[in-house]
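The next block is model_19.pdb, given as PDB, C-alpha atoms.
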ATOM      1  CA  LEU A  13      13.827  59.005  31.506
ATOM      2  CA  CYS A  14      13.665  62.815  31.353
ATOM      3  CA  LEU A  15      10.464  62.875  33.362
ATOM      4  CA  GLY A  16      12.020  60.578  35.952
ATOM      5  CA  ALA A  17      15.128  62.763  36.151
ATOM      6  CA  VAL A  18      13.093  65.938  36.649
ATOM      7  CA  GLN A  19      11.093  64.226  39.372
ATOM      8  CA  ALA A  20      14.146  62.702  41.072
ATOM      9  CA  PHE A  21      16.479  65.696  40.948
ATOM     10  CA  GLY A  22      13.884  68.449  41.078
ATOM     11  CA  LEU A  23      15.997  70.252  38.463
ATOM     12  CA  PRO A  24      15.593  70.852  34.711
ATOM     13  CA  ALA A  25      16.870  68.002  32.554
ATOM     14  CA  ASN A  26      16.996  66.826  28.958
ATOM     15  CA  LEU A  27      18.417  63.914  27.019
ATOM     16  CA  ASN A  28      20.642  63.398  23.981
ATOM     17  CA  LEU A  29      21.439  60.160  22.177
ATOM     18  CA  TYR A  30      24.835  59.571  20.538
ATOM     19  CA  ALA A  31      25.716  56.783  18.102
ATOM     20  CA  THR A  32      29.368  56.391  17.075
ATOM     21  CA  LYS A  33      30.876  53.769  14.808
ATOM     22  CA  ALA A  34      33.692  51.616  16.151
ATOM     23  CA  GLY A  35      37.287  52.509  15.306
ATOM     24  CA  MET A  36      37.052  56.277  15.774
ATOM     25  CA  GLN A  37      40.374  57.486  17.160
ATOM     26  CA  LEU A  38      38.758  60.758  18.271
ATOM     27  CA  SER A  39      34.983  60.639  18.263
ATOM     28  CA  ALA A  40      34.699  63.910  20.213
ATOM     29  CA  PRO A  41      37.554  66.432  20.470
ATOM     30  CA  PRO A  42      38.239  68.118  23.835
ATOM     31  CA  HIS A  43      35.360  70.363  24.897
ATOM     32  CA  THR A  44      33.309  71.441  27.893
ATOM     33  CA  ASP A  45      29.540  71.580  28.413
ATOM     34  CA  LYS A  46      27.188  73.856  30.331
ATOM     35  CA  GLN A  47      25.334  70.880  31.742
ATOM     36  CA  ASP A  48      26.218  68.381  34.419
ATOM     37  CA  VAL A  49      25.945  65.179  32.403
ATOM     38  CA  ILE A  50      25.236  61.550  33.266
ATOM     39  CA  ILE A  51      26.393  59.147  30.568
ATOM     40  CA  VAL A  52      24.458  55.883  30.224
ATOM     41  CA  GLN A  53      26.166  53.434  27.874
ATOM     42  CA  CYS A  54      23.591  51.306  26.051
ATOM     43  CA  GLN A  55      25.562  49.385  23.406
ATOM     44  CA  GLY A  56      29.181  48.941  22.475
ATOM     45  CA  ALA A  57      31.846  50.815  24.416
ATOM     46  CA  LYS A  58      33.369  54.276  24.489
ATOM     47  CA  HIS A  59      36.674  55.373  25.982
ATOM     48  CA  TRP A  60      36.557  58.628  27.951
ATOM     49  CA  ARG A  61      39.200  61.007  29.184
ATOM     50  CA  VAL A  62      37.998  63.661  31.639
ATOM     51  CA  PHE A  63      40.256  66.566  32.606
ATOM     52  CA  ALA A  64      40.304  69.224  35.286
ATOM     53  CA  PRO A  65      38.980  72.556  33.958
ATOM     54  CA  PRO A  66      41.645  74.983  32.740
ATOM     55  CA  GLU A  67      41.989  78.264  34.580
ATOM     56  CA  PRO A  68      39.321  80.654  33.209
ATOM     57  CA  ALA A  69      41.812  83.539  33.266
ATOM     58  CA  LEU A  70      43.808  81.883  30.481
ATOM     59  CA  LYS A  71      40.956  82.822  28.115
ATOM     60  CA  PRO A  72      38.858  85.336  30.095
ATOM     61  CA  HIS A  73      36.650  86.236  27.134
ATOM     62  CA  VAL A  74      35.667  82.623  26.371
ATOM     63  CA  ASP A  75      32.864  80.946  28.300
ATOM     64  CA  PRO A  76      34.539  78.184  30.391
ATOM     65  CA  PHE A  77      31.417  76.090  29.830
ATOM     66  CA  GLN A  78      31.800  76.360  26.048
ATOM     67  CA  ARG A  79      35.482  75.619  25.581
ATOM     68  CA  GLY A  80      36.356  73.746  22.400
ATOM     69  CA  LYS A  81      33.199  74.909  20.645
ATOM     70  CA  ALA A  82      32.442  77.385  17.858
ATOM     71  CA  SER A  83      35.676  79.308  17.154
ATOM     72  CA  ASP A  84      37.444  78.266  20.358
ATOM     73  CA  ARG A  85      40.070  75.542  20.245
ATOM     74  CA  LEU A  86      40.864  73.487  23.324
ATOM     75  CA  LEU A  87      44.066  71.519  22.896
ATOM     76  CA  LEU A  88      45.028  68.425  24.834
ATOM     77  CA  GLU A  89      48.353  70.104  25.569
ATOM     78  CA  GLU A  90      46.477  72.688  27.667
ATOM     79  CA  LEU A  91      44.871  70.094  29.894
ATOM     80  CA  GLY A  92      47.572  67.920  31.424
ATOM     81  CA  ASP A  93      46.807  64.409  32.620
ATOM     82  CA  PRO A  94      43.188  63.236  32.881
ATOM     83  CA  VAL A  95      41.549  63.225  36.299
ATOM     84  CA  TRP A  96      39.716  60.098  35.105
ATOM     85  CA  GLU A  97      40.225  57.812  32.135
ATOM     86  CA  GLY A  98      38.427  54.608  31.316
ATOM     87  CA  THR A  99      36.170  52.676  28.989
ATOM     88  CA  VAL A 100      32.444  52.704  29.660
ATOM     89  CA  GLY A 101      30.588  49.562  28.606
ATOM     90  CA  PRO A 102      26.920  48.575  28.326
ATOM     91  CA  GLY A 103      24.986  49.253  31.517
ATOM     92  CA  GLN A 104      27.707  51.450  32.993
ATOM     93  CA  ILE A 105      27.282  55.111  33.966
ATOM     94  CA  LEU A 106      29.704  58.043  34.025
ATOM     95  CA  TYR A 107      29.150  61.470  35.589
ATOM     96  CA  VAL A 108      30.936  64.527  34.133
ATOM     97  CA  PRO A 109      30.421  67.879  35.917
ATOM     98  CA  ALA A 110      29.750  71.025  33.911
ATOM     99  CA  GLY A 111      32.921  72.720  32.735
ATOM    100  CA  TYR A 112      35.109  69.614  32.882
ATOM    101  CA  PRO A 113      36.814  69.032  29.509
ATOM    102  CA  HIS A 114      36.425  65.579  28.049
ATOM    103  CA  THR A 115      37.194  63.678  24.907
ATOM    104  CA  THR A 116      36.069  60.287  23.615
ATOM    105  CA  SER A 117      37.225  57.473  21.375
ATOM    106  CA  THR A 118      35.912  54.144  20.072
ATOM    107  CA  ALA A 119      39.262  53.069  18.618
ATOM    108  CA  ASP A 120      39.699  50.223  21.113
ATOM    109  CA  ALA A 121      36.213  48.748  20.788
ATOM    110  CA  VAL A 122      36.680  44.997  21.211
ATOM    111  CA  THR A 123      33.467  43.730  19.622
ATOM    112  CA  GLY A 124      33.349  46.167  16.733
ATOM    113  CA  ASP A 125      29.838  47.163  17.686
ATOM    114  CA  PRO A 126      28.934  50.827  17.299
ATOM    115  CA  SER A 127      28.736  52.786  20.526
ATOM    116  CA  VAL A 128      25.311  54.042  21.589
ATOM    117  CA  HIS A 129      24.933  56.084  24.740
ATOM    118  CA  LEU A 130      22.451  58.457  26.336
ATOM    119  CA  THR A 131      23.550  61.750  27.820
ATOM    120  CA  LEU A 132      21.246  62.980  30.559
ATOM    121  CA  ASN A 133      21.818  66.713  30.988
ATOM    122  CA  VAL A 134      21.022  68.552  34.220
ATOM    123  CA  ASP A 135      20.477  72.118  33.022
ATOM    124  CA  THR A 136      20.954  74.496  35.939
ATOM    125  CA  HIS A 137      23.352  76.834  34.130
ATOM    126  CA  ILE A 138      21.169  77.114  31.041
ATOM    127  CA  TRP A 139      18.109  77.993  33.127
ATOM    128  CA  ALA A 140      19.880  80.602  35.312
ATOM    129  CA  LEU A 141      19.684  78.576  38.528
ATOM    130  CA  THR A 142      23.160  79.543  39.744
ATOM    131  CA  TYR A 143      24.640  81.879  42.326
ATOM    132  CA  ASP A 144      26.227  83.945  39.560
ATOM    133  CA  TYR A 145      22.870  84.653  37.958
ATOM    134  CA  ALA A 146      21.395  85.526  41.357
ATOM    135  CA  ARG A 147      24.320  87.905  41.960
ATOM    136  CA  ARG A 148      24.001  89.619  38.591
ATOM    137  CA  ALA A 149      20.224  89.936  38.880
ATOM    138  CA  ALA A 150      20.511  91.455  42.363
ATOM    139  CA  LEU A 151      23.077  94.028  41.248
ATOM    140  CA  LYS A 152      21.147  94.957  38.123
ATOM    141  CA  ARG A 153      17.879  95.425  39.985
ATOM    142  CA  ALA A 154      19.638  97.481  42.664
ATOM    143  CA  GLY A 155      21.229  99.715  40.023
ATOM    144  CA  THR A 156      24.713  98.713  41.233
ATOM    145  CA  GLU A 157      27.534  98.362  38.744
ATOM    146  CA  ASP A 158      28.849  94.828  38.355
ATOM    147  CA  GLU A 159      32.617  95.223  38.677
ATOM    148  CA  LEU A 160      33.472  91.541  39.040
ATOM    149  CA  GLN A 161      35.311  89.979  36.105
ATOM    150  CA  VAL A 162      34.015  86.439  36.521
ATOM    151  CA  GLY A 163      36.041  85.143  33.574
ATOM    152  CA  GLY A 164      39.246  86.235  35.290
ATOM    153  CA  LEU A 165      38.598  84.481  38.600
ATOM    154  CA  PRO A 166      40.783  81.623  39.854
ATOM    155  CA  LEU A 167      39.224  78.283  38.985
ATOM    156  CA  GLY A 168      37.990  77.475  42.502
ATOM    157  CA  ASP A 169      36.272  80.840  42.859
ATOM    158  CA  PHE A 170      34.754  80.587  39.386
ATOM    159  CA  LEU A 171      33.273  77.161  40.115
ATOM    160  CA  SER A 172      31.969  78.374  43.481
ATOM    161  CA  ILE A 173      30.018  81.305  42.035
ATOM    162  CA  GLN A 174      28.660  78.980  39.323
ATOM    163  CA  ASP A 175      27.296  76.528  41.906
ATOM    164  CA  THR A 176      23.678  75.465  41.556
ATOM    165  CA  LEU A 177      21.286  77.217  43.928
ATOM    166  CA  PRO A 178      19.741  75.210  46.802
ATOM    167  CA  LEU A 179      16.801  73.975  44.755
ATOM    168  CA  GLY A 180      15.368  70.550  44.042
ATOM    169  CA  PHE A 181      17.308  67.756  45.727
ATOM    170  CA  LEU A 182      19.917  70.343  46.811
ATOM    171  CA  ALA A 183      17.403  72.223  48.969
ATOM    172  CA  PRO A 184      17.496  71.797  52.748
ATOM    173  CA  SER A 185      15.222  69.117  54.143
ATOM    174  CA  ASP A 186      13.285  71.421  56.506
ATOM    175  CA  GLY A 187       9.563  70.710  56.163
ATOM    176  CA  ALA A 188       7.725  68.908  53.403
ATOM    177  CA  PRO A 189       9.049  69.593  49.869
ATOM    178  CA  GLY A 190       7.280  72.614  48.413
ATOM    179  CA  SER A 191       5.931  73.755  51.792
ATOM    180  CA  ASP A 192       6.281  77.339  52.990
ATOM    181  CA  GLU A 193       8.715  76.140  55.645
ATOM    182  CA  ALA A 194      10.914  74.349  53.119
ATOM    183  CA  ASP A 195      10.857  77.298  50.706
ATOM    184  CA  ALA A 196      11.826  79.719  53.482
ATOM    185  CA  ALA A 197      14.721  77.494  54.554
ATOM    186  CA  ALA A 198      15.946  77.291  50.946
ATOM    187  CA  ARG A 199      15.738  81.086  50.563
ATOM    188  CA  ASP A 200      17.721  81.590  53.759
ATOM    189  CA  LEU A 201      20.388  79.174  52.522
ATOM    190  CA  LEU A 202      20.483  80.859  49.107
ATOM    191  CA  VAL A 203      20.876  84.338  50.591
ATOM    192  CA  ALA A 204      23.552  83.187  53.022
ATOM    193  CA  GLY A 205      25.476  81.369  50.289
ATOM    194  CA  LEU A 206      25.294  84.357  47.968
ATOM    195  CA  CYS A 207      26.462  86.799  50.645
ATOM    196  CA  GLU A 208      29.362  84.513  51.537
ATOM    197  CA  ARG A 209      30.479  84.244  47.914
ATOM    198  CA  MET A 210      30.153  87.967  47.217
ATOM    199  CA  ARG A 211      32.177  88.877  50.320
ATOM    200  CA  HIS A 212      34.875  86.395  49.351
ATOM    201  CA  LEU A 213      35.083  87.501  45.710
ATOM    202  CA  GLU A 214      34.982  91.247  46.382
ATOM    203  CA  PRO A 215      36.350  91.768  49.909
ATOM    204  CA  THR A 216      37.007  95.474  49.379
ATOM    205  CA  LYS A 217      33.399  96.053  48.374
ATOM    206  CA  TYR A 218      31.566  93.612  50.635
ATOM    207  CA  GLY A 219      34.123  92.154  53.051
ATOM    208  CA  GLU A 220      32.907  94.036  56.125
ATOM    209  CA  SER A 221      29.215  93.865  55.285
ATOM    210  CA  ALA A 222      26.944  91.778  57.453
ATOM    211  CA  SER A 223      24.656  89.373  55.631
ATOM    212  CA  GLU A 224      21.592  91.192  56.939
ATOM    213  CA  ALA A 225      22.788  94.519  55.526
ATOM    214  CA  MET A 226      23.721  93.010  52.158
ATOM    215  CA  ALA A 227      20.408  91.187  51.928
ATOM    216  CA  LYS A 228      18.523  94.402  52.626
ATOM    217  CA  ASP A 229      20.565  96.660  50.320
ATOM    218  CA  LEU A 230      20.423  94.221  47.386
ATOM    219  CA  CYS A 231      16.919  92.842  48.089
ATOM    220  CA  LEU A 232      18.350  89.337  48.132
ATOM    221  CA  GLU A 233      15.256  87.823  49.713
ATOM    222  CA  GLU A 234      13.237  89.054  46.741
ATOM    223  CA  VAL A 235      15.830  87.670  44.326
ATOM    224  CA  ALA A 236      15.755  84.293  46.064
ATOM    225  CA  GLU A 237      11.964  84.160  45.974
ATOM    226  CA  ARG A 238      11.848  85.112  42.294
ATOM    227  CA  LEU A 239      14.356  82.428  41.346
ATOM    228  CA  GLN A 240      12.318  79.876  43.259
ATOM    229  CA  GLU A 241       9.282  80.903  41.202
ATOM    230  CA  HIS A 242      11.323  80.637  38.001
ATOM    231  CA  HIS A 243      12.563  77.188  39.011
ATOM    232  CA  ARG A 244       9.004  75.982  39.628
ATOM    233  CA  ALA A 245       7.813  77.441  36.320
ATOM    234  CA  VAL A 246      10.548  75.692  34.307
ATOM    235  CA  LEU A 247       9.920  72.365  36.030
ATOM    236  CA  ASP A 248       6.177  72.655  35.482
ATOM    237  CA  VAL A 249       6.636  73.084  31.732
ATOM    238  CA  GLN A 250       9.198  70.290  31.509
ATOM    239  CA  ARG A 251       7.013  67.863  33.449
ATOM    240  CA  ARG A 252       4.061  68.549  31.154
ATOM    241  CA  MET A 253       6.264  68.297  28.067
ATOM    242  CA  TYR A 254       7.814  64.976  29.008
ATOM    243  CA  LEU A 255       4.501  63.533  30.160
ATOM    244  CA  ASP A 256       2.925  64.542  26.859
ATOM    245  CA  GLY A 257       5.808  62.948  24.974
ATOM    246  CA  ALA A 258       5.628  59.724  26.960
ATOM    247  CA  LEU A 259       1.862  59.308  26.741
ATOM    248  CA  GLU A 260       1.394  61.034  23.344
ATOM    249  CA  LEU A 261      -1.372  63.201  24.765
ATOM    250  CA  THR A 262      -1.222  65.729  21.927
ATOM    251  CA  ALA A 263      -2.048  64.496  18.445
ATOM    252  CA  THR A 264       0.600  65.351  15.827
ATOM    253  CA  PRO A 265       1.018  64.618  12.106
ATOM    254  CA  HIS A 266       2.336  61.061  11.782
ATOM    255  CA  GLY A 267       3.033  61.034  15.553
ATOM    256  CA  VAL A 268       6.209  63.132  15.093
ATOM    257  CA  SER A 269       7.348  64.217  18.559
ATOM    258  CA  ILE A 270       8.929  67.545  17.562
ATOM    259  CA  PHE A 271       5.503  68.930  16.704
ATOM    260  CA  ARG A 272       4.220  67.785  20.074
ATOM    261  CA  VAL A 273       6.917  69.559  22.083
ATOM    262  CA  LYS A 274       7.194  72.809  20.120
ATOM    263  CA  SER A 275       4.559  74.648  22.133
ATOM    264  CA  TYR A 276       6.324  73.613  25.347
ATOM    265  CA  LEU A 277       9.685  74.833  24.046
ATOM    266  CA  ASP A 278       8.053  78.149  23.184
ATOM    267  CA  GLU A 279       6.648  78.289  26.714
ATOM    268  CA  LEU A 280      10.085  77.631  28.166
ATOM    269  CA  GLU A 281      11.568  80.432  26.085
ATOM    270  CA  ALA A 282       8.828  82.788  27.271
ATOM    271  CA  THR A 283       9.518  81.800  30.881
ATOM    272  CA  MET A 284      13.168  82.680  30.392
ATOM    273  CA  ARG A 285      12.351  86.004  28.751
ATOM    274  CA  VAL A 286      10.174  86.969  31.708
ATOM    275  CA  LEU A 287      13.074  86.295  34.074
ATOM    276  CA  VAL A 288      15.445  88.338  31.909
ATOM    277  CA  ARG A 289      13.034  91.268  31.978
ATOM    278  CA  TRP A 290      12.579  90.975  35.726
ATOM    279  CA  ALA A 291      16.344  90.922  36.265
ATOM    280  CA  ALA A 292      16.567  94.069  34.161
ATOM    281  CA  GLY A 293      14.065  95.771  36.466
ATOM    282  CA  VAL A 294      10.982  95.256  34.312
ATOM    283  CA  ASP A 295       8.628  93.423  36.665
ATOM    284  CA  VAL A 296       6.298  91.020  34.885
ATOM    285  CA  LEU A 297       3.666  89.030  36.704
ATOM    286  CA  GLY A 298       3.230  85.351  35.945
ATOM    287  CA  PRO A 299       6.492  83.626  34.997
ATOM    288  CA  GLY A 300       6.052  81.876  31.692
ATOM    289  CA  GLY A 301       3.345  84.299  30.541
ATOM    290  CA  ALA A 302       3.241  86.075  27.211
ATOM    291  CA  ALA A 303       4.122  89.389  28.840
ATOM    292  CA  GLY A 304       7.823  88.654  28.410
ATOM    293  CA  ALA A 305       7.658  88.199  24.650
ATOM    294  CA  ASP A 306       8.051  91.810  23.547
ATOM    295  CA  GLY A 307      11.699  91.946  22.664
ATOM    296  CA  ALA A 308      13.699  90.964  25.733
ATOM    297  CA  GLN A 309      16.849  89.233  24.565
ATOM    298  CA  ALA A 310      17.174  85.651  25.800
ATOM    299  CA  PRO A 311      19.812  83.885  23.686
ATOM    300  CA  THR A 312      19.017  80.273  22.909
ATOM    301  CA  SER A 313      21.089  77.184  23.427
ATOM    302  CA  LYS A 314      20.786  73.793  21.803
ATOM    303  CA  ALA A 315      17.414  72.078  21.941
ATOM    304  CA  GLY A 316      15.616  75.429  22.021
ATOM    305  CA  LYS A 317      16.445  76.283  25.628
ATOM    306  CA  GLY A 318      16.863  79.862  26.790
ATOM    307  CA  LYS A 319      19.846  81.111  28.704
ATOM    308  CA  VAL A 320      21.303  84.353  29.941
TER
END
Can the structure from this file be put into structure tokens for me?
Amino acid sequence: LCLGAVQAFGLPANLNLYATKAGMQLSAPPHTDKQDVIIVQCQGAKHWRVFAPPEPALKPHVDPFQRGKASDRLLLEELGDPVWEGTVGPGQILYVPAGYPHTTSTADAVTGDPSVHLTLNVDTHIWALTYDYARRAALKRAGTEDELQVGGLPLGDFLSIQDTLPLGFLAPSDGAPGSDEADAAARDLLVAGLCERMRHLEPTKYGESASEAMAKDLCLEEVAERLQEHHRAVLDVQRRMYLDGALELTATPHGVSIFRVKSYLDELEATMRVLVRWAAGVDVLGPGGAAGADGAQAPTSKAGKGKV
């Protein structure tokens, strides 16, 4: 399933499995996730309530994609009425965008069967494939102070700067996928989208700047090309990892999968560290190579994935 998702979306993906006994009044308290998630209900049923994201400025120092986790509390009273509420049964699918609070229950399960569902995560935020990362990398490499308080932005502006870059199935359809023509069209779209967002968010600083001037001053074409390389590197590792897992290409003690994927997870972390170093102005050739493993800080998320 993960391999199919990576191939279909052209974006990083992973999978979680959740089993919940029937009769749970609150099987998951209100929280948000960094991933866009696709819920596939396999057995039993689960009731979902999905809410509009709260304004980031209400808690500007808390990651809006990590609300209700660690020390943060996200109360139902903060959220208002759900934008969608319903029970998902076997064979049904639910999509929840990143940052949208949700809560679940199995209290009304009719059959009494435990709920089992798969959560397919599309990981663009975790792997720095967003306009906000492109913006921060461009400013850092240009030696320009980042004065934008992203956590204090109105919700619409926050979600806009966190949009996924035009990669994978979101890339323009010019030319064959992966061709020079297609890559150039995607870079042009990325640069244009980034300039538009930066002018909108900081009109005093960039409002009168033409896209061509901004792209030149901040080397946005270089940023776009580097993020395309990073995207390809992450997908290459994930494809090999999921193919190895599906076909059991690598022998492991007792066939335990975690030993099979560990080297790939390490490779993914190294790929992320290389990008972090590059964004900091330390150019390293060969995304995913060992050159990025000398102390650059790339915090980890669940399942051993790097993020910035």
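Residues within 9 Å of region 202-212 of chain A, counting only C-alpha atoms and excluding same-chain residues fewer than 5 positions away, are Tyr143, Asp144, Ala146, Arg147, Asp169, Ser172, Ile173, Leu177, Pro178, Leu179, Ala197, Lys217, Tyr218, Gly219, Glu220, Ser221, Ala222, Ser223, Met226, Ala227, Leu232, Glu233, Val235 and Ala236 of chain A.
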With all atoms listed in the file as the counted atoms, please give the residues lying no more than 6 Å from region 99-105 of chain A, apart from itself and same-chain residues fewer than 4 positions off, as a short mmCIF file (atom, residue, chain, number, x, y, z; two decimals) with C-alpha atoms, in the frame of the given file.
data_model
loop_
_atom_site.label_atom_id
_atom_site.label_comp_id
_atom_site.auth_asym_id
_atom_site.auth_seq_id
_atom_site.Cartn_x
_atom_site.Cartn_y
_atom_site.Cartn_z
CA ILE A 51 26.39 59.15 30.57
CA VAL A 52 24.46 55.88 30.22
CA GLN A 53 26.17 53.43 27.87
CA CYS A 54 23.59 51.31 26.05
CA GLN A 55 25.56 49.38 23.41
CA ALA A 57 31.85 50.82 24.42
CA LYS A 58 33.37 54.28 24.49
CA HIS A 59 36.67 55.37 25.98
#
Please provide the set of residues having any atom within 9 Å of Leu38 (chain A), restricted to all atoms listed in the file, with same-chain residues fewer than 5 positions apart removed, written as number ranges by chain. A: 115-119
List every residue of region 102-177 of chain A that has an atom at most 8 Å from any atom of region 74-79 of chain A, giving for each one its closest atom pair and the distance in Å to one decimal, counting all atoms listed in the file, sorted by chain and then by ascending residue number, as a tab-separated table.
residue	atom	partner	partner_atom	distance
A:Ala110	CA	A:Phe77	CA	6.7
A:Gly111	CA	A:Phe77	CA	4.7
A:Pro113	CA	A:Arg79	CA	7.8
A:Gly163	CA	A:Asp75	CA	7.5
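Straight-line separation from CA of His242 (chain A) to CA of Gln47 (chain A): 18.2 Å.
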Can you pull out every residue within 10 Å of Tyr145 (chain A), counting only C-alpha atoms, but drop anything in the same chain fewer than 3 positions away, and send it as an MDAnalysis selection string? chainID A and resid 137 139:142 148:151 173:174 176:177 235 239 291 320
Name every residue that the PyMOL selection byres ((chain A and resi 258) around 12) selects in this structure, writing the answer as a PyMOL selection string with chains first and numbers rising. chain A and resi 13-16+251-257+259-262+267+269+272-273
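Using all atoms listed in the file, the smallest distance between any of A:Val18, A:Leu106, A:Leu230, A:Ala183 and Glu157 (chain A) comes from A:Leu230.
Proximity to Gly98 (chain A) was assessed for A:His43, A:Arg244, A:Arg61, A:Lys71 counting all atoms listed in the file; the smallest distance is recorded for A:Arg61.
Counting from CA of Leu287 (chain A), the distance to CA of Arg238 (chain A) is 8.4 Å.
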Mind telling me what the PyMOL selection byres ((chain A and resi 70) around 12) catches here, as a PyMOL selection string? chain A and resi 65-69+71-76+79+86+90-91+163-167
Mind dumping region 134-141 of chain A from that block, keeping all heavy atoms, as a PDB file, in the first residue's frame?
ATOM      1  N   VAL A 134       0.418  11.149   4.096  1.00  0.00           N
ATOM      2  CA  VAL A 134       1.186  11.816   3.042  1.00  0.00           C
ATOM      3  C   VAL A 134       2.040  12.883   3.724  1.00  0.00           C
ATOM      4  O   VAL A 134       1.523  13.836   4.304  1.00  0.00           O
ATOM      5  CB  VAL A 134       0.264  12.436   1.974  1.00  0.00           C
ATOM      6  CG1 VAL A 134       1.089  13.078   0.867  1.00  0.00           C
ATOM      7  CG2 VAL A 134      -0.665  11.373   1.400  1.00  0.00           C
ATOM      8  N   ASP A 135       3.366  12.694   3.665  1.00  0.00           N
ATOM      9  CA  ASP A 135       4.293  13.386   4.571  1.00  0.00           C
ATOM     10  C   ASP A 135       5.034  14.561   3.942  1.00  0.00           C
ATOM     11  O   ASP A 135       6.254  14.618   3.966  1.00  0.00           O
ATOM     12  CB  ASP A 135       5.339  12.383   5.080  1.00  0.00           C
ATOM     13  CG  ASP A 135       4.756  11.379   6.046  1.00  0.00           C
ATOM     14  OD1 ASP A 135       3.830  11.740   6.780  1.00  0.00           O
ATOM     15  OD2 ASP A 135       5.224  10.241   6.058  1.00  0.00           O
ATOM     16  N   THR A 136       4.342  15.525   3.404  1.00  0.00           N
ATOM     17  CA  THR A 136       5.042  16.650   2.791  1.00  0.00           C
ATOM     18  C   THR A 136       5.588  17.632   3.817  1.00  0.00           C
ATOM     19  O   THR A 136       6.637  18.238   3.603  1.00  0.00           O
ATOM     20  CB  THR A 136       4.116  17.390   1.811  1.00  0.00           C
ATOM     21  OG1 THR A 136       2.913  17.772   2.492  1.00  0.00           O
ATOM     22  CG2 THR A 136       3.753  16.487   0.646  1.00  0.00           C
ATOM     23  N   HIS A 137       4.895  17.799   4.936  1.00  0.00           N
ATOM     24  CA  HIS A 137       5.392  18.734   5.957  1.00  0.00           C
ATOM     25  C   HIS A 137       6.622  18.160   6.656  1.00  0.00           C
ATOM     26  O   HIS A 137       7.588  18.869   6.927  1.00  0.00           O
ATOM     27  CB  HIS A 137       4.295  19.028   6.979  1.00  0.00           C
ATOM     28  CG  HIS A 137       3.111  19.738   6.401  1.00  0.00           C
ATOM     29  ND1 HIS A 137       2.023  19.078   5.903  1.00  0.00           N
ATOM     30  CD2 HIS A 137       2.871  21.060   6.211  1.00  0.00           C
ATOM     31  CE1 HIS A 137       1.144  19.958   5.442  1.00  0.00           C
ATOM     32  NE2 HIS A 137       1.634  21.160   5.619  1.00  0.00           N
ATOM     33  N   ILE A 138       6.585  16.883   6.955  1.00  0.00           N
ATOM     34  CA  ILE A 138       7.706  16.252   7.652  1.00  0.00           C
ATOM     35  C   ILE A 138       8.970  16.299   6.810  1.00  0.00           C
ATOM     36  O   ILE A 138      10.068  16.497   7.325  1.00  0.00           O
ATOM     37  CB  ILE A 138       7.333  14.807   8.023  1.00  0.00           C
ATOM     38  CG1 ILE A 138       6.379  14.831   9.227  1.00  0.00           C
ATOM     39  CG2 ILE A 138       8.574  13.978   8.344  1.00  0.00           C
ATOM     40  CD1 ILE A 138       5.829  13.488   9.603  1.00  0.00           C
ATOM     41  N   TRP A 139       8.826  16.174   5.490  1.00  0.00           N
ATOM     42  CA  TRP A 139      10.003  16.128   4.620  1.00  0.00           C
ATOM     43  C   TRP A 139      10.305  17.466   3.954  1.00  0.00           C
ATOM     44  O   TRP A 139      11.014  17.526   2.951  1.00  0.00           O
ATOM     45  CB  TRP A 139       9.827  15.018   3.580  1.00  0.00           C
ATOM     46  CG  TRP A 139       9.848  13.672   4.223  1.00  0.00           C
ATOM     47  CD1 TRP A 139       8.816  12.802   4.349  1.00  0.00           C
ATOM     48  CD2 TRP A 139      10.954  13.057   4.876  1.00  0.00           C
ATOM     49  NE1 TRP A 139       9.206  11.675   5.039  1.00  0.00           N
ATOM     50  CE2 TRP A 139      10.521  11.810   5.381  1.00  0.00           C
ATOM     51  CE3 TRP A 139      12.286  13.441   5.103  1.00  0.00           C
ATOM     52  CZ2 TRP A 139      11.352  10.937   6.083  1.00  0.00           C
ATOM     53  CZ3 TRP A 139      13.114  12.572   5.801  1.00  0.00           C
ATOM     54  CH2 TRP A 139      12.650  11.349   6.275  1.00  0.00           C
ATOM     55  N   ALA A 140       9.786  18.572   4.533  1.00  0.00           N
ATOM     56  CA  ALA A 140      10.172  19.928   4.120  1.00  0.00           C
ATOM     57  C   ALA A 140       9.799  20.248   2.678  1.00  0.00           C
ATOM     58  O   ALA A 140      10.501  20.990   2.002  1.00  0.00           O
ATOM     59  CB  ALA A 140      11.681  20.136   4.323  1.00  0.00           C
ATOM     60  N   LEU A 141       8.685  19.719   2.212  1.00  0.00           N
ATOM     61  CA  LEU A 141       8.245  19.949   0.837  1.00  0.00           C
ATOM     62  C   LEU A 141       7.101  20.962   0.815  1.00  0.00           C
ATOM     63  O   LEU A 141       6.059  20.756   0.197  1.00  0.00           O
ATOM     64  CB  LEU A 141       7.818  18.625   0.199  1.00  0.00           C
ATOM     65  CG  LEU A 141       8.911  17.553   0.154  1.00  0.00           C
ATOM     66  CD1 LEU A 141       8.361  16.239  -0.397  1.00  0.00           C
ATOM     67  CD2 LEU A 141      10.114  18.013  -0.668  1.00  0.00           C
TER      68      LEU A 141
END
